[in-house]
Amino acid sequence: ISAKPRVLVTRSIFPEIIASLEAHFEVTSNQSDEAWSLEQLTAQLQGKQGVFTTGGDRIDAALLAACPELKICANMAVGYNNFDVDAMTAAGVLGTNAPDVLTETTADFGFALLMATARRVSESEHFLRAGLWKRWRYDMFSGTEIHGSTLGIIGMGRIGQGIARRGAHGFGMQVIYHNRSRLDAATEADCRARYVEKTELLQTADHVVLVVPYSAASHHTIGAAELALMKPTATLVNIARGGIVDDSALAVALREKRIAAAGLDVFEGEPSVHPDLLTVPNVVLTPHIASATVGTRRAMAQLAVDNLIGYLVHGQARTPVNTLVQDRV
Ligand code: 8YV
């Protein structure tokens, strides 16, 4: 009997996911709630052929060089900016992500955050909990209209399209979008979305939603200059990645009411949050939970498992992000 391949799981995960890995692999997993340091991760990866990662686990050339037996990194996330894909390809290491299974759940949350932001749900709840609700006032927590307004989406992939459909079909919004490339006519018609340049989107949209993958090119897609283009009544929602928005510039724009409000699920340097964002009232802050329903998190984890089994046992992953010229031998 040949020995089972060895797989590392970097974070605590559903017990049944560990069990399904154990049917095929010798599994080591991080049992604690603390993320491993780079030194711990490197030590734990010794002798492992596969690793189950999350978006917070950086895989780069130095780590790959220190872990010569590693063949596959299976990310439990659709975004994979934690992978240095070129270094992985050069090293013959496959990367996989977890697309599709989280699309609708994440689009739901994008809309939840948009609505909470536009209608000042968090701010008014804090007011009520603080015992400050003494009387009716005509302008108490007046928000921004959602139905019939203009929704601007930056990044029109699967999740962006899900948000567009919700806005257009559910709330009668005019949807405009900006993306690296235009969608085909049939998809534009299905989303009832019109392509515009980024400047026009920022100047026209009542609500701007960011769903663009993080890369050097998308770093600070929204900074002081872009915030200055937005309407003072507009809201901004980021469910993409920290670093897409310049959080420090955003905190200034919110404090000075240069835009009305923001909803943020992701942050530069998370889980740390820019201290100025914690003190401005007109921002809804959530701890990177857009894909967090039990069903979706299970499906994401299962897809990572399927990729590990697919590649290490059968030689074929389901959702690879790179193409290898030569596998690691
Ligand atoms: C993950 C995400 O929960 O899928 C993504 O890209 O950002 C989230 O759904 C997070 O990255 C942990 O892996």
# chains A, B, ... in the order shown; residues from 1 in each chain; ligands from 1
call {"tool": "residues_around", "arguments": {"residues": "Ala90 in chain A", "least_positions_apart": "3", "cutoff": "12 Å", "atoms": "only C-alpha atoms", "output": "list of chain:residue names"}}
result
A:Asp60, A:Ala61, A:Leu64, A:Ala65, A:Lys71, A:Asp84, A:Val85, A:Asp86, A:Ala87, A:Val93, A:Leu94, A:Gly95, A:Asn322, A:Thr323, A:Leu324, A:Val325, A:Gln326, A:Asp327, A:Arg328
call {"tool": "write_last_selection", "arguments": {"atoms": "C-alpha atoms", "output": "PDB file, in the first residue's frame"}}
result
ATOM      1  CA  ASP A  60       5.106  33.446  -2.526  1.00  0.00           C
ATOM      2  CA  ALA A  61       8.411  32.449  -4.131  1.00  0.00           C
ATOM      3  CA  LEU A  64       7.611  27.759  -2.317  1.00  0.00           C
ATOM      4  CA  ALA A  65      11.409  27.485  -2.335  1.00  0.00           C
ATOM      5  CA  LYS A  71       2.269  20.643  -5.394  1.00  0.00           C
ATOM      6  CA  ASP A  84       1.950  34.918  -6.267  1.00  0.00           C
ATOM      7  CA  VAL A  85       0.599  33.065  -9.298  1.00  0.00           C
ATOM      8  CA  ASP A  86       3.696  33.635 -11.458  1.00  0.00           C
ATOM      9  CA  ALA A  87       5.957  32.245  -8.729  1.00  0.00           C
ATOM     10  CA  VAL A  93       2.722  24.470  -8.081  1.00  0.00           C
ATOM     11  CA  LEU A  94      -0.975  24.515  -8.936  1.00  0.00           C
ATOM     12  CA  GLY A  95      -3.279  27.101  -7.391  1.00  0.00           C
ATOM     13  CA  ASN A 322      -2.854  28.678 -13.377  1.00  0.00           C
ATOM     14  CA  THR A 323      -1.745  26.288 -16.080  1.00  0.00           C
ATOM     15  CA  LEU A 324       1.392  24.321 -15.399  1.00  0.00           C
ATOM     16  CA  VAL A 325       3.872  23.578 -18.124  1.00  0.00           C
ATOM     17  CA  GLN A 326       5.502  21.057 -15.840  1.00  0.00           C
ATOM     18  CA  ASP A 327       4.297  19.662 -12.509  1.00  0.00           C
ATOM     19  CA  ARG A 328       6.638  19.527  -9.545  1.00  0.00           C
TER      20      ARG A 328
END
call {"tool": "residues_near_ligand", "arguments": {"ligand": "ligand 1", "cutoff": "7 Å", "atoms": "only C-alpha atoms and all ligand atoms", "output": "ChimeraX atom specification"}}
result
/A:54-56,75-80,98,241,288-292
call {"tool": "write_last_selection", "arguments": {"atoms": "C-alpha atoms", "output": "PDB file, in the first residue's frame"}}
result
ATOM      1  CA  THR A  54      -7.700  30.970   3.011  1.00  0.00           C
ATOM      2  CA  GLY A  55      -7.363  34.464   1.597  1.00  0.00           C
ATOM      3  CA  GLY A  56      -5.065  35.445   4.481  1.00  0.00           C
ATOM      4  CA  ASN A  75      -7.777  28.506  -1.644  1.00  0.00           C
ATOM      5  CA  MET A  76     -11.128  28.595   0.137  1.00  0.00           C
ATOM      6  CA  ALA A  77     -11.865  31.942  -1.523  1.00  0.00           C
ATOM      7  CA  VAL A  78     -12.717  33.187  -4.990  1.00  0.00           C
ATOM      8  CA  GLY A  79     -10.082  35.921  -4.681  1.00  0.00           C
ATOM      9  CA  TYR A  80      -6.502  34.666  -4.805  1.00  0.00           C
ATOM     10  CA  ALA A  98     -13.436  28.685  -5.003  1.00  0.00           C
ATOM     11  CA  ARG A 241     -10.577  43.598  -0.920  1.00  0.00           C
ATOM     12  CA  HIS A 288     -15.134  40.325   6.023  1.00  0.00           C
ATOM     13  CA  ILE A 289     -18.305  38.222   6.163  1.00  0.00           C
ATOM     14  CA  ALA A 290     -19.829  38.671   2.684  1.00  0.00           C
ATOM     15  CA  SER A 291     -19.602  34.933   1.921  1.00  0.00           C
ATOM     16  CA  ALA A 292     -20.476  33.852   5.453  1.00  0.00           C
TER      17      ALA A 292
END
call {"tool": "atom_distance", "arguments": {"atom1": "CA of Ile154 in chain A", "atom2": "CA of Gln174 in chain A"}}
result
14.3 Å
call {"tool": "atom_distance", "arguments": {"atom1": "CA of Glu188 in chain A", "atom2": "CA of Leu102 in chain A"}}
result
21.2 Å
call {"tool": "residues_around", "arguments": {"residues": "Arg255 in chain A", "least_positions_apart": "6", "cutoff": "12 Å", "atoms": "only C-alpha atoms", "output": "PyMOL selection string"}}
result
chain A and resi 232+248-249+261-262+276-283
call {"tool": "select_by_dssp", "arguments": {"residues": "range 33-137 of chain A", "states": "helix (DSSP H, G or I)", "output": "PyMOL selection string"}}
result
chain A and resi 38-45+61-66+85-91+103-118+121-129
call {"tool": "select_by_dssp", "arguments": {"residues": "range 148-299 of chain A", "states": "strand (DSSP E)", "output": "PyMOL selection string"}}
result
chain A and resi 150-154+174-178+193-195+207-210+235-238+261-264+283-285
call {"tool": "write_last_selection", "arguments": {"atoms": "N, CA and C atoms", "output": "CSV table (one decimal), in the first residue's frame"}}
result
chain,number,residue,atom,x,y,z
A,150,THR,N,-29.4,55.5,-9.1
A,150,THR,CA,-28.4,55.0,-10.0
A,150,THR,C,-27.3,54.2,-9.2
A,151,LEU,N,-27.2,52.9,-9.7
A,151,LEU,CA,-26.2,52.0,-9.0
A,151,LEU,C,-25.0,51.9,-9.9
A,152,GLY,N,-23.8,52.2,-9.4
A,152,GLY,CA,-22.6,52.1,-10.2
A,152,GLY,C,-21.7,51.0,-9.6
A,153,ILE,N,-21.4,50.0,-10.5
A,153,ILE,CA,-20.7,48.8,-10.1
A,153,ILE,C,-19.3,48.9,-10.7
A,154,ILE,N,-18.2,48.8,-9.9
A,154,ILE,CA,-16.9,48.7,-10.5
A,154,ILE,C,-16.4,47.3,-10.2
A,174,GLN,N,-31.2,52.2,-12.0
A,174,GLN,CA,-30.4,52.3,-13.3
A,174,GLN,C,-29.0,51.8,-13.0
A,175,VAL,N,-28.6,50.8,-13.7
A,175,VAL,CA,-27.3,50.2,-13.4
A,175,VAL,C,-26.2,50.6,-14.4
A,176,ILE,N,-25.2,51.2,-13.9
A,176,ILE,CA,-24.0,51.5,-14.8
A,176,ILE,C,-22.8,50.7,-14.2
A,177,TYR,N,-21.9,50.3,-15.1
A,177,TYR,CA,-20.8,49.6,-14.6
A,177,TYR,C,-19.5,50.0,-15.3
A,178,HIS,N,-18.4,49.7,-14.6
A,178,HIS,CA,-17.1,49.8,-15.2
A,178,HIS,C,-16.3,48.6,-15.0
A,193,ALA,N,-27.6,46.6,-17.5
A,193,ALA,CA,-26.4,47.4,-17.1
A,193,ALA,C,-25.8,48.1,-18.3
A,194,ARG,N,-25.3,49.3,-18.1
A,194,ARG,CA,-24.7,50.1,-19.2
A,194,ARG,C,-23.3,50.3,-18.8
A,195,TYR,N,-22.4,50.1,-19.8
A,195,TYR,CA,-20.9,50.3,-19.6
A,195,TYR,C,-20.6,51.8,-19.6
A,207,HIS,N,-25.0,55.2,-5.7
A,207,HIS,CA,-24.4,54.2,-4.8
A,207,HIS,C,-23.3,53.5,-5.7
A,208,VAL,N,-22.1,53.5,-5.1
A,208,VAL,CA,-21.0,52.9,-5.9
A,208,VAL,C,-20.6,51.6,-5.1
A,209,VAL,N,-20.6,50.5,-5.8
A,209,VAL,CA,-20.2,49.2,-5.2
A,209,VAL,C,-18.9,48.7,-5.9
A,210,LEU,N,-18.0,48.3,-5.0
A,210,LEU,CA,-16.7,47.8,-5.5
A,210,LEU,C,-16.6,46.3,-5.4
A,235,THR,N,-23.2,57.0,-1.7
A,235,THR,CA,-22.6,56.1,-0.8
A,235,THR,C,-21.6,55.2,-1.5
A,236,LEU,N,-20.7,54.6,-0.8
A,236,LEU,CA,-19.7,53.7,-1.3
A,236,LEU,C,-19.7,52.4,-0.5
A,237,VAL,N,-19.7,51.3,-1.3
A,237,VAL,CA,-19.6,50.0,-0.6
A,237,VAL,C,-18.4,49.2,-1.1
A,238,ASN,N,-17.6,48.6,-0.2
A,238,ASN,CA,-16.5,47.8,-0.6
A,238,ASN,C,-16.6,46.4,-0.1
A,261,ALA,N,-22.0,58.4,3.0
A,261,ALA,CA,-21.7,57.2,3.9
A,261,ALA,C,-21.0,56.1,3.1
A,262,ALA,N,-20.4,55.2,3.9
A,262,ALA,CA,-19.8,54.0,3.3
A,262,ALA,C,-20.1,52.8,4.0
A,263,GLY,N,-20.1,51.6,3.3
A,263,GLY,CA,-20.2,50.3,3.9
A,263,GLY,C,-19.0,49.5,3.6
A,264,LEU,N,-18.3,49.0,4.6
A,264,LEU,CA,-17.0,48.3,4.3
A,264,LEU,C,-17.0,46.9,4.9
A,283,VAL,N,-20.4,55.3,8.7
A,283,VAL,CA,-19.8,54.1,8.0
A,283,VAL,C,-20.3,52.8,8.7
A,284,VAL,N,-20.7,51.8,7.9
A,284,VAL,CA,-21.1,50.5,8.4
A,284,VAL,C,-19.9,49.6,8.2
A,285,LEU,N,-19.4,49.0,9.3
A,285,LEU,CA,-18.2,48.2,9.3
A,285,LEU,C,-18.6,46.7,9.6
call {"tool": "residues_around", "arguments": {"residues": "Phe52 in chain A", "least_positions_apart": "4", "cutoff": "7 Å", "atoms": "only C-alpha atoms", "output": "mmCIF file with C-alpha atoms, in the first residue's frame"}}
result
data_model
loop_
_atom_site.group_PDB
_atom_site.id
_atom_site.type_symbol
_atom_site.label_atom_id
_atom_site.label_comp_id
_atom_site.auth_asym_id
_atom_site.auth_seq_id
_atom_site.Cartn_x
_atom_site.Cartn_y
_atom_site.Cartn_z
ATOM 1 C CA LEU A 8 -1.987 20.811 5.616
ATOM 2 C CA VAL A 9 -5.065 22.870 6.576
ATOM 3 C CA THR A 10 -3.942 26.327 7.717
ATOM 4 C CA CYS A 73 -2.487 25.324 -2.866
ATOM 5 C CA ALA A 74 -6.290 25.162 -2.695
ATOM 6 C CA ASN A 75 -7.777 28.506 -1.644
ATOM 7 C CA ALA A 304 -11.151 23.321 -1.963
#
call {"tool": "atom_distance", "arguments": {"atom1": "CA of Phe111 in chain A", "atom2": "CA of Gly160 in chain A"}}
result
10.6 Å
call {"tool": "closest_residue", "arguments": {"among": "A:Ser32, A:Thr319, A:Gln46, A:Asn307", "to": "Arg6 in chain A", "atoms": "only C-alpha atoms"}}
result
A:Gln46
call {"tool": "closest_residue", "arguments": {"among": "A:Ala118, A:Pro287, A:Val252, A:His169", "to": "Ala234 in chain A", "atoms": "only C-alpha atoms"}}
result
A:Ala118
call {"tool": "closest_residue", "arguments": {"among": "A:Tyr311, A:Phe267, A:Trp133, A:Phe141", "to": "Leu250 in chain A", "atoms": "only C-alpha atoms"}}
result
A:Phe267
call {"tool": "residues_around", "arguments": {"residues": "Gln203 in chain A", "least_positions_apart": "5", "cutoff": "8 Å", "atoms": "only C-alpha atoms", "output": "list in words"}}
result
Leu229, Met230 and Lys231 of chain A
call {"tool": "residues_around", "arguments": {"residues": "Met173 in chain A", "least_positions_apart": "5", "cutoff": "10 Å", "atoms": "only C-alpha atoms", "output": "PyMOL selection string"}}
result
chain A and resi 146-152+164-168+192-193+206
call {"tool": "closest_residue", "arguments": {"among": "A:Pro15, A:Gly155, A:Pro271, A:Gly143", "to": "Val196 in chain A", "atoms": "only C-alpha atoms"}}
result
A:Gly155
